[in-house]
file data.txt (compact mmCIF, C-alpha atoms)
# COMPACT_ATOMS: atom_id res chain seq x y z
CA MET U 23 31.99 -39.98 -9.92
CA SER U 24 30.51 -40.72 -13.36
CA ARG U 25 29.98 -37.95 -15.88
CA LYS U 26 26.21 -38.64 -15.83
CA LYS U 27 25.99 -38.15 -12.06
CA SER U 28 28.02 -34.95 -12.33
CA TRP U 29 25.57 -33.52 -14.87
CA ILE U 30 22.60 -34.45 -12.67
CA LEU U 31 24.14 -32.79 -9.62
CA LEU U 32 24.96 -29.69 -11.65
CA LEU U 33 21.37 -29.51 -12.94
CA ILE U 34 19.98 -29.83 -9.41
CA ALA U 35 22.29 -27.08 -8.20
CA ILE U 36 21.15 -24.78 -11.01
CA VAL U 37 17.45 -25.41 -10.24
CA ILE U 38 18.01 -24.70 -6.53
CA ALA U 39 19.91 -21.50 -7.36
CA VAL U 40 17.15 -20.27 -9.68
CA LEU U 41 14.43 -21.04 -7.11
CA TRP U 42 16.37 -19.24 -4.38
CA PHE U 43 16.94 -16.20 -6.57
CA GLY U 44 13.24 -16.11 -7.47
CA TYR U 45 12.23 -16.30 -3.83
CA ARG U 46 14.57 -13.43 -2.89
CA SER U 47 13.36 -11.36 -5.83
CA GLY U 48 9.69 -11.77 -4.98
CA TRP U 49 8.74 -13.82 -8.07
CA PHE U 50 6.29 -15.83 -6.03
CA ASP U 51 4.57 -12.93 -4.29
CA SER U 52 1.06 -12.54 -5.67
CA ALA U 53 1.03 -8.81 -4.93
CA ARG U 54 2.41 -6.26 -2.55
CA THR U 55 0.79 -6.69 0.85
CA GLN U 56 -2.19 -4.40 1.40
CA GLY U 57 -3.86 -3.23 4.58
CA PRO U 58 -7.29 -4.77 5.09
CA ALA U 59 -9.11 -1.43 5.04
CA THR U 60 -7.72 -0.22 1.71
CA THR U 61 -9.48 -0.69 -1.61
CA SER U 62 -7.41 -0.35 -4.77
CA ALA U 63 -8.86 0.21 -8.23
CA SER U 64 -7.23 1.21 -11.48
CA ASN U 65 -8.90 4.11 -13.22
CA PRO U 66 -8.88 2.22 -16.55
CA ALA U 67 -11.56 -0.04 -15.05
CA ALA U 68 -13.95 2.82 -15.70
CA PRO U 69 -15.64 2.93 -19.12
CA GLN U 70 -13.09 3.37 -21.90
CA ASN U 71 -12.68 6.99 -23.07
CA PRO U 72 -15.57 8.28 -20.93
CA GLU U 73 -16.87 11.79 -21.22
CA LEU U 74 -14.99 13.88 -18.66
CA ALA U 75 -18.15 15.03 -16.91
CA GLY U 76 -19.41 11.48 -16.63
CA GLN U 77 -16.14 10.28 -15.12
CA ALA U 78 -16.18 13.18 -12.66
CA GLY U 79 -19.67 12.15 -11.58
CA LEU U 80 -18.47 8.79 -10.24
CA THR U 81 -18.23 8.30 -6.47
CA HIS U 82 -16.32 4.98 -6.40
CA GLU U 83 -18.25 4.15 -3.20
CA SER U 84 -16.15 6.46 -1.04
CA PRO U 85 -17.62 9.06 1.33
CA HIS U 86 -14.70 11.31 0.39
CA LEU U 87 -15.90 11.32 -3.23
CA ALA U 88 -19.57 11.99 -2.52
CA LEU U 89 -19.45 15.11 -4.69
CA GLY U 90 -17.68 13.29 -7.52
CA THR U 91 -14.34 11.80 -8.48
CA PRO U 92 -11.83 14.29 -9.94
CA ALA U 93 -11.32 13.29 -13.56
CA ASP U 94 -9.05 14.32 -16.40
CA ALA U 95 -8.75 13.25 -20.02
CA THR U 96 -6.06 10.62 -19.32
CA PRO U 97 -7.21 8.46 -16.38
CA GLU U 98 -5.06 5.57 -17.60
CA ASP U 99 -1.89 7.14 -16.14
CA GLU U 100 -3.24 7.19 -12.59
CA HIS U 101 -4.22 4.63 -9.97
CA LEU U 102 -7.19 5.16 -7.66
CA LEU U 103 -6.76 4.16 -4.02
CA LEU U 104 -9.65 4.29 -1.55
CA LYS U 105 -8.94 4.38 2.17
CA PRO U 106 -11.25 4.95 5.14
CA GLN U 107 -9.41 8.20 5.84
CA TYR U 108 -9.24 9.62 2.29
CA ALA U 109 -9.24 8.76 -1.40
CA LEU U 110 -6.37 9.45 -3.77
CA SER U 111 -5.20 9.11 -7.32
CA TYR U 112 -1.55 8.08 -7.53
CA LYS U 113 0.56 9.09 -10.52
CA SER U 114 3.78 7.16 -11.03
CA ALA U 115 5.22 9.84 -13.36
CA ILE U 116 5.52 12.21 -10.39
CA VAL U 117 5.98 9.48 -7.72
CA SER U 118 3.26 11.25 -5.73
CA PRO U 119 -0.50 11.61 -5.55
CA ALA U 120 -2.07 13.56 -8.39
CA TRP U 121 -4.77 14.47 -5.88
CA VAL U 122 -6.10 13.47 -2.47
CA ALA U 123 -9.76 13.93 -1.48
CA TRP U 124 -11.22 13.83 2.02
CA LYS U 125 -14.27 14.80 4.02
CA ILE U 126 -14.17 16.56 7.37
CA ASP U 127 -16.85 17.36 9.91
CA ALA U 128 -16.96 17.79 13.69
CA GLY U 129 -16.57 14.03 14.14
CA SER U 130 -13.17 14.08 12.41
CA TYR U 131 -11.55 15.66 15.44
CA GLY U 132 -10.60 14.23 18.81
CA THR U 133 -7.69 14.13 21.22
CA VAL U 134 -5.38 11.63 19.52
CA PRO U 135 -1.78 12.94 19.42
CA ARG U 136 0.21 13.21 16.23
CA TYR U 137 1.79 9.97 15.03
CA GLU U 138 5.48 10.04 16.00
CA GLY U 139 6.96 7.49 13.62
CA LYS U 140 8.54 7.96 10.21
CA PHE U 141 6.47 8.61 7.13
CA PHE U 142 6.04 5.23 5.45
CA PRO U 143 5.82 3.96 1.85
CA GLU U 144 2.31 3.20 0.63
CA THR U 145 1.67 -0.55 0.56
CA GLY U 146 -1.74 -0.42 -1.12
CA LEU U 147 -0.40 0.28 -4.60
CA PRO U 148 0.35 -2.38 -7.22
CA ALA U 149 3.81 -3.91 -7.15
CA GLY U 150 6.21 -2.30 -9.58
CA LEU U 151 5.05 1.29 -9.27
CA PRO U 152 7.72 3.75 -8.15
CA ILE U 153 6.91 4.90 -4.63
CA ALA U 154 8.39 7.58 -2.41
CA THR U 155 10.05 6.97 0.94
CA HIS U 156 10.70 9.09 4.01
CA ASP U 157 14.37 9.41 3.08
CA ASP U 158 13.65 10.84 -0.38
CA TYR U 159 12.85 14.14 1.34
CA SER U 160 15.75 14.16 3.78
CA LYS U 161 18.08 17.14 3.21
CA SER U 162 16.11 18.05 0.07
CA GLY U 163 15.05 21.48 1.29
CA PHE U 164 11.37 20.50 1.11
CA ASP U 165 8.85 19.55 3.78
CA ARG U 166 6.88 16.33 3.58
CA GLY U 167 3.69 18.24 2.88
CA HIS U 168 0.49 16.50 3.95
CA LEU U 169 -2.48 16.83 1.64
CA CYS U 170 -5.01 15.26 4.03
CA ARG U 171 -3.39 16.66 7.13
CA SER U 172 -2.72 14.91 10.40
CA LEU U 173 -4.82 17.38 12.41
CA ASP U 174 -7.90 16.51 10.32
CA ARG U 175 -7.69 12.92 11.56
CA THR U 176 -7.37 13.05 15.35
CA ASP U 177 -10.36 10.84 16.17
CA THR U 178 -8.42 7.54 16.22
CA VAL U 179 -4.78 6.44 16.28
CA GLU U 180 -5.27 4.46 13.07
CA ASN U 181 -6.79 7.40 11.21
CA ASN U 182 -4.02 9.75 12.28
CA ARG U 183 -1.28 7.30 11.30
CA ALA U 184 -2.84 6.84 7.85
CA THR U 185 -2.09 10.47 6.98
CA PHE U 186 1.64 9.68 7.15
CA SER U 187 1.54 7.42 4.10
CA MET U 188 3.90 8.83 1.46
CA ALA U 189 1.00 8.55 -1.01
CA ASN U 190 -0.57 11.47 0.89
CA ILE U 191 2.54 13.65 0.66
CA ILE U 192 4.02 16.10 -1.85
CA PRO U 193 7.16 18.27 -1.60
CA GLN U 194 6.40 21.73 -0.22
CA THR U 195 8.69 24.52 0.89
CA HIS U 196 8.44 25.18 4.60
CA ASP U 197 7.26 28.72 3.88
CA LEU U 198 4.29 27.31 1.98
CA ASN U 199 3.59 24.37 4.28
CA GLY U 200 3.88 26.44 7.46
CA GLY U 201 2.48 29.65 5.95
CA PRO U 202 -0.63 30.30 3.84
CA TRP U 203 -1.25 26.58 3.25
CA LEU U 204 -1.41 25.98 7.02
CA LYS U 205 -3.64 29.01 7.52
CA PHE U 206 -6.11 27.75 4.95
CA GLU U 207 -6.05 24.29 6.54
CA ASP U 208 -6.91 25.88 9.88
CA TYR U 209 -9.71 27.89 8.26
CA CYS U 210 -11.29 24.78 6.72
CA ALA U 211 -10.95 22.86 9.98
CA ASN U 212 -12.70 25.65 11.84
CA LEU U 213 -15.63 25.52 9.41
CA ALA U 214 -16.02 21.80 10.13
CA ARG U 215 -15.18 21.74 13.83
CA GLU U 216 -16.68 24.97 15.14
CA SER U 217 -19.32 25.97 12.60
CA GLY U 218 -21.02 22.59 12.17
CA LYS U 219 -20.49 22.42 8.44
CA THR U 220 -19.40 19.46 6.33
CA VAL U 221 -16.35 20.13 4.18
CA TRP U 222 -15.16 18.17 1.15
CA VAL U 223 -11.58 18.87 0.11
CA VAL U 224 -9.47 17.92 -2.91
CA ALA U 225 -5.80 18.94 -3.02
CA GLY U 226 -2.74 18.34 -5.18
CA GLY U 227 0.20 19.95 -6.93
CA SER U 228 0.83 21.70 -10.24
CA TYR U 229 3.88 20.49 -12.18
CA SER U 230 6.01 21.78 -15.02
CA THR U 231 6.73 19.62 -18.06
CA GLU U 232 10.19 18.79 -16.67
CA PRO U 233 9.85 19.14 -12.89
CA ALA U 234 12.72 19.24 -10.44
CA ARG U 235 13.26 15.92 -8.67
CA ILE U 236 14.36 14.90 -5.18
CA GLY U 237 15.60 11.70 -3.58
CA LYS U 238 16.63 8.29 -4.80
CA ASN U 239 13.15 7.67 -6.18
CA ARG U 240 13.10 10.99 -8.06
CA VAL U 241 10.00 12.51 -6.53
CA ALA U 242 8.73 15.40 -8.67
CA VAL U 243 8.56 18.85 -7.06
CA PRO U 244 5.41 20.87 -7.86
CA THR U 245 5.59 24.52 -8.81
CA ALA U 246 2.42 25.20 -6.83
CA SER U 247 -0.09 23.51 -4.52
CA TRP U 248 -3.82 23.81 -5.13
CA LYS U 249 -6.93 23.00 -3.16
CA VAL U 250 -10.65 23.05 -3.99
CA VAL U 251 -13.17 22.95 -1.16
CA ALA U 252 -16.93 22.47 -0.99
CA VAL U 253 -18.58 23.68 2.21
CA LEU U 254 -22.11 22.46 2.91
CA ASP U 255 -24.27 23.96 5.63
CA GLN U 256 -25.58 21.68 8.34
CA GLY U 257 -28.36 19.43 7.09
CA ILE U 258 -27.49 19.63 3.39
CA LYS U 259 -26.68 16.25 1.84
CA PRO U 260 -24.63 15.78 -1.35
CA ASP U 261 -27.38 13.78 -3.04
CA SER U 262 -30.17 16.27 -2.35
CA ILE U 263 -28.69 19.55 -3.61
CA THR U 264 -31.18 21.53 -5.69
CA SER U 265 -29.89 25.10 -5.40
CA THR U 266 -26.78 27.12 -4.58
CA SER U 267 -28.20 28.02 -1.17
CA GLY U 268 -26.10 26.69 1.69
CA ILE U 269 -23.18 25.68 -0.56
CA ARG U 270 -19.87 27.49 -0.85
CA LEU U 271 -16.91 26.62 -3.07
CA ILE U 272 -13.42 27.89 -2.24
CA ALA U 273 -10.35 27.33 -4.42
CA VAL U 274 -6.73 28.34 -3.93
CA GLU U 275 -3.43 27.89 -5.73
CA MET U 276 -0.26 28.81 -3.86
CA PRO U 277 3.30 28.97 -5.22
CA ASN U 278 5.73 26.37 -3.91
CA THR U 279 8.39 28.91 -3.10
CA ARG U 280 10.10 30.67 -0.23
CA GLY U 281 9.35 34.08 1.23
CA ILE U 282 5.59 33.58 1.61
CA ILE U 283 5.30 32.28 5.17
CA ARG U 284 3.53 35.43 6.39
CA HIS U 285 1.14 35.67 3.42
CA ASP U 286 -2.62 35.52 3.93
CA TRP U 287 -4.20 32.51 2.24
CA LYS U 288 -6.97 34.72 0.86
CA GLN U 289 -4.64 36.41 -1.61
CA TYR U 290 -4.31 33.07 -3.42
CA ARG U 291 -8.02 32.51 -3.99
CA ARG U 292 -9.10 31.45 -7.46
CA SER U 293 -12.30 30.13 -8.98
CA VAL U 294 -12.73 26.37 -9.26
CA ASP U 295 -12.92 26.89 -13.02
CA GLU U 296 -9.40 28.36 -12.94
CA ILE U 297 -8.03 25.37 -11.02
CA GLU U 298 -9.75 23.03 -13.46
CA SER U 299 -8.17 24.88 -16.37
CA ARG U 300 -4.69 24.70 -14.80
CA THR U 301 -4.88 21.05 -13.73
CA GLY U 302 -7.07 19.50 -16.41
CA TYR U 303 -9.36 17.96 -13.76
CA ASP U 304 -13.11 18.30 -13.48
CA PHE U 305 -14.19 18.63 -9.84
CA PHE U 306 -17.51 18.16 -8.04
CA GLY U 307 -19.08 16.38 -11.01
CA ARG U 308 -22.04 15.09 -8.97
CA LEU U 309 -23.38 18.58 -8.42
CA PRO U 310 -26.28 19.38 -10.73
CA SER U 311 -24.81 20.89 -13.89
CA ARG U 312 -26.49 24.27 -13.50
CA ILE U 313 -25.35 24.63 -9.89
CA GLN U 314 -21.85 23.41 -10.69
CA GLN U 315 -21.41 25.94 -13.49
CA ASP U 316 -22.67 28.80 -11.35
CA LEU U 317 -20.57 28.07 -8.27
CA GLU U 318 -17.36 27.06 -10.06
CA ALA U 319 -17.25 30.33 -12.00
CA ARG U 320 -17.16 32.37 -8.81
CA THR U 321 -14.09 33.39 -6.80
CA ASP U 322 -14.90 33.21 -3.11
CA SER U 323 -14.84 36.55 -1.29
CA LEU U 324 -16.17 35.81 2.21
call {"tool": "encode", "arguments": {"input": "data.txt", "output": "structure tokens"}}
result
Amino acid sequence: MSRKKSWILLLIAIVIAVLWFGYRSGWFDSARTQGPATTSASNPAAPQNPELAGQAGLTHESPHLALGTPADATPEDEHLLLKPQYALSYKSAIVSPAWVAWKIDAGSYGTVPRYEGKFFPETGLPAGLPIATHDDYSKSGFDRGHLCRSLDRTDTVENNRATFSMANIIPQTHDLNGGPWLKFEDYCANLARESGKTVWVVAGGSYSTEPARIGKNRVAVPTASWKVVAVLDQGIKPDSITSTSGIRLIAVEMPNTRGIIRHDWKQYRRSVDEIESRTGYDFFGRLPSRIQQDLEARTDSL
């Protein structure tokens, strides 16, 4: 064989090897596959350096954000994901949601059984972001703690399964997850299911500067879990609120520790203002300013 033919064959072999490696590495994938019902939007698409209150007043066309999108001073480090079942802001630094927001009413509940499969990685996020897996939590000592919980989505199989996305999960001790956190979840569900109220919920975790990590993907462990809740009486719509009548705000922050499984959720009540101060987020920004200031300064006592 001539030297020229040898060089040509070698070149062809190199090209084939490079193309094969690129195919296996996903070079030619346009993006990670997304479910058809999920809308993904980067927070930086909002106006650059917006006023915090203005950012919190956005709804992003999601019923779960009808009272406003939680906003902090650094939206560029989070990624907004809108699903039919909930909305969330994903933060790659903690490999978890910064917050999840969802709406519940009597129609949220049905007879669908709990999804029995494994928790699954979120496919609606941009390729390249670190994402948690089911196995990251295995033997870690922490529960896979739902934010939007499975029992709040029992109307359809699809809606229930969606709550098992790892983008809806943060590490919680079992004593928290099965203790006061569960009791408060049940309380909120009862308001929606039995009392005919509409409930908007936002939940997330509080993290230290250097949080503990679990799993291969180094999921950050929060020091506490928080939740802010707006309860609207029957007939009151988010876009027609003119007074504090018929509106109740409840906020809690619970330590992510052991030994609290028998604690009453009410001992962890805070004002929304306190949760905003601890997290840096502004909540319920679509409420009229006067009403927001009045309600958020109160600590619920009912």
call {"tool": "residues_around", "arguments": {"input": "data.txt", "residues": "stretch 252-266 of chain U", "least_positions_apart": "2", "cutoff": "6 Å", "atoms": "only C-alpha atoms", "output": "VMD selection string"}}
result
chain U and resid 219 to 222 268 to 271
call {"tool": "closest_atom_pairs", "arguments": {"input": "data.txt", "of": "stretch 142-175 of chain U", "to": "stretch 122-127 of chain U", "cutoff": "7 Å", "atoms": "all atoms listed in the file", "output": "tab-separated table"}}
result
residue	atom	partner	partner_atom	distance
U:Leu169	CA	U:Val122	CA	6.4
U:Cys170	CA	U:Trp124	CA	6.7
U:Asp174	CA	U:Ile126	CA	6.9
call {"tool": "closest_residue", "arguments": {"input": "data.txt", "among": "U:Pro92, U:Pro193, U:Pro152, U:Pro277", "to": "U:Trp121", "atoms": "all atoms listed in the file"}}
result
U:Pro92
call {"tool": "residues_around", "arguments": {"input": "data.txt", "residues": "stretch 292-303 of chain U", "least_positions_apart": "3", "cutoff": "12 Å", "atoms": "all atoms listed in the file", "output": "number ranges by chain"}}
result
U: 74-75, 77-78, 90-97, 111, 120-121, 224-230, 244-252, 270-276, 287-289, 306-307, 314-323
call {"tool": "atom_distance", "arguments": {"input": "data.txt", "atom1": "atom CA of U:Ile153", "atom2": "atom CA of U:Val117"}}
result
5.6 Å
call {"tool": "atom_distance", "arguments": {"input": "data.txt", "atom1": "atom CA of U:Leu102", "atom2": "atom CA of U:Ile191"}}
result
15.4 Å
call {"tool": "atom_distance", "arguments": {"input": "data.txt", "atom1": "atom CA of U:Lys113", "atom2": "atom CA of U:Glu100"}}
result
4.7 Å
call {"tool": "closest_residue", "arguments": {"input": "data.txt", "among": "U:Glu232, U:Pro143, U:Ser162, U:Leu89", "to": "U:Phe305", "atoms": "only C-alpha atoms"}}
result
U:Leu89
call {"tool": "closest_residue", "arguments": {"input": "data.txt", "among": "U:Ala115, U:Leu87, U:Ile313, U:Leu324", "to": "U:Pro233", "atoms": "only C-alpha atoms"}}
result
U:Ala115
call {"tool": "closest_residue", "arguments": {"input": "data.txt", "among": "U:Met188, U:Phe164, U:Ser84, U:Gln107", "to": "U:Lys140", "atoms": "all atoms listed in the file"}}
result
U:Met188
call {"tool": "closest_residue", "arguments": {"input": "data.txt", "among": "U:Ser130, U:Thr195, U:Thr145, U:Asn212", "to": "U:Gly163", "atoms": "only C-alpha atoms"}}
result
U:Thr195
call {"tool": "closest_atom_pairs", "arguments": {"input": "data.txt", "of": "stretch 104-172 of chain U", "to": "stretch 197-210 of chain U", "cutoff": "9 Å", "atoms": "all atoms listed in the file", "output": "tab-separated table"}}
result
residue	atom	partner	partner_atom	distance
U:Ile126	CA	U:Cys210	CA	8.7
U:Asp165	CA	U:Asn199	CA	7.2
U:Arg166	CA	U:Asn199	CA	8.7
U:Gly167	CA	U:Asn199	CA	6.3
U:His168	CA	U:Asn199	CA	8.5
U:Arg171	CA	U:Glu207	CA	8.1
call {"tool": "write_last_selection", "arguments": {"input": "data.txt", "atoms": "C-alpha atoms", "output": "compact mmCIF listing (two decimals), in the frame of the given file"}}
result
# COMPACT_ATOMS: atom_id res chain seq x y z
CA ILE U 126 -14.17 16.56 7.37
CA ASP U 165 8.85 19.55 3.78
CA ARG U 166 6.88 16.33 3.58
CA GLY U 167 3.69 18.24 2.88
CA HIS U 168 0.49 16.50 3.95
CA ARG U 171 -3.39 16.66 7.13
call {"tool": "closest_residue", "arguments": {"input": "data.txt", "among": "U:Thr155, U:Leu103, U:Arg175, U:Gly132", "to": "U:Arg240", "atoms": "all atoms listed in the file"}}
result
U:Thr155
call {"tool": "residues_around", "arguments": {"input": "data.txt", "residues": "U:Asn181", "least_positions_apart": "4", "cutoff": "9 Å", "atoms": "all atoms listed in the file", "output": "PyMOL selection string"}}
result
chain U and resi 106-107+172+175-177+185
call {"tool": "axis_aligned_box", "arguments": {"input": "data.txt", "around": "stretch 131-140 of chain U", "padding_each_side": "8 Å", "output": "JSON"}}
result
{"center_x": -1.5, "center_y": 11.6, "center_z": 15.7, "size_x": 36.1, "size_y": 24.2, "size_z": 27.0}
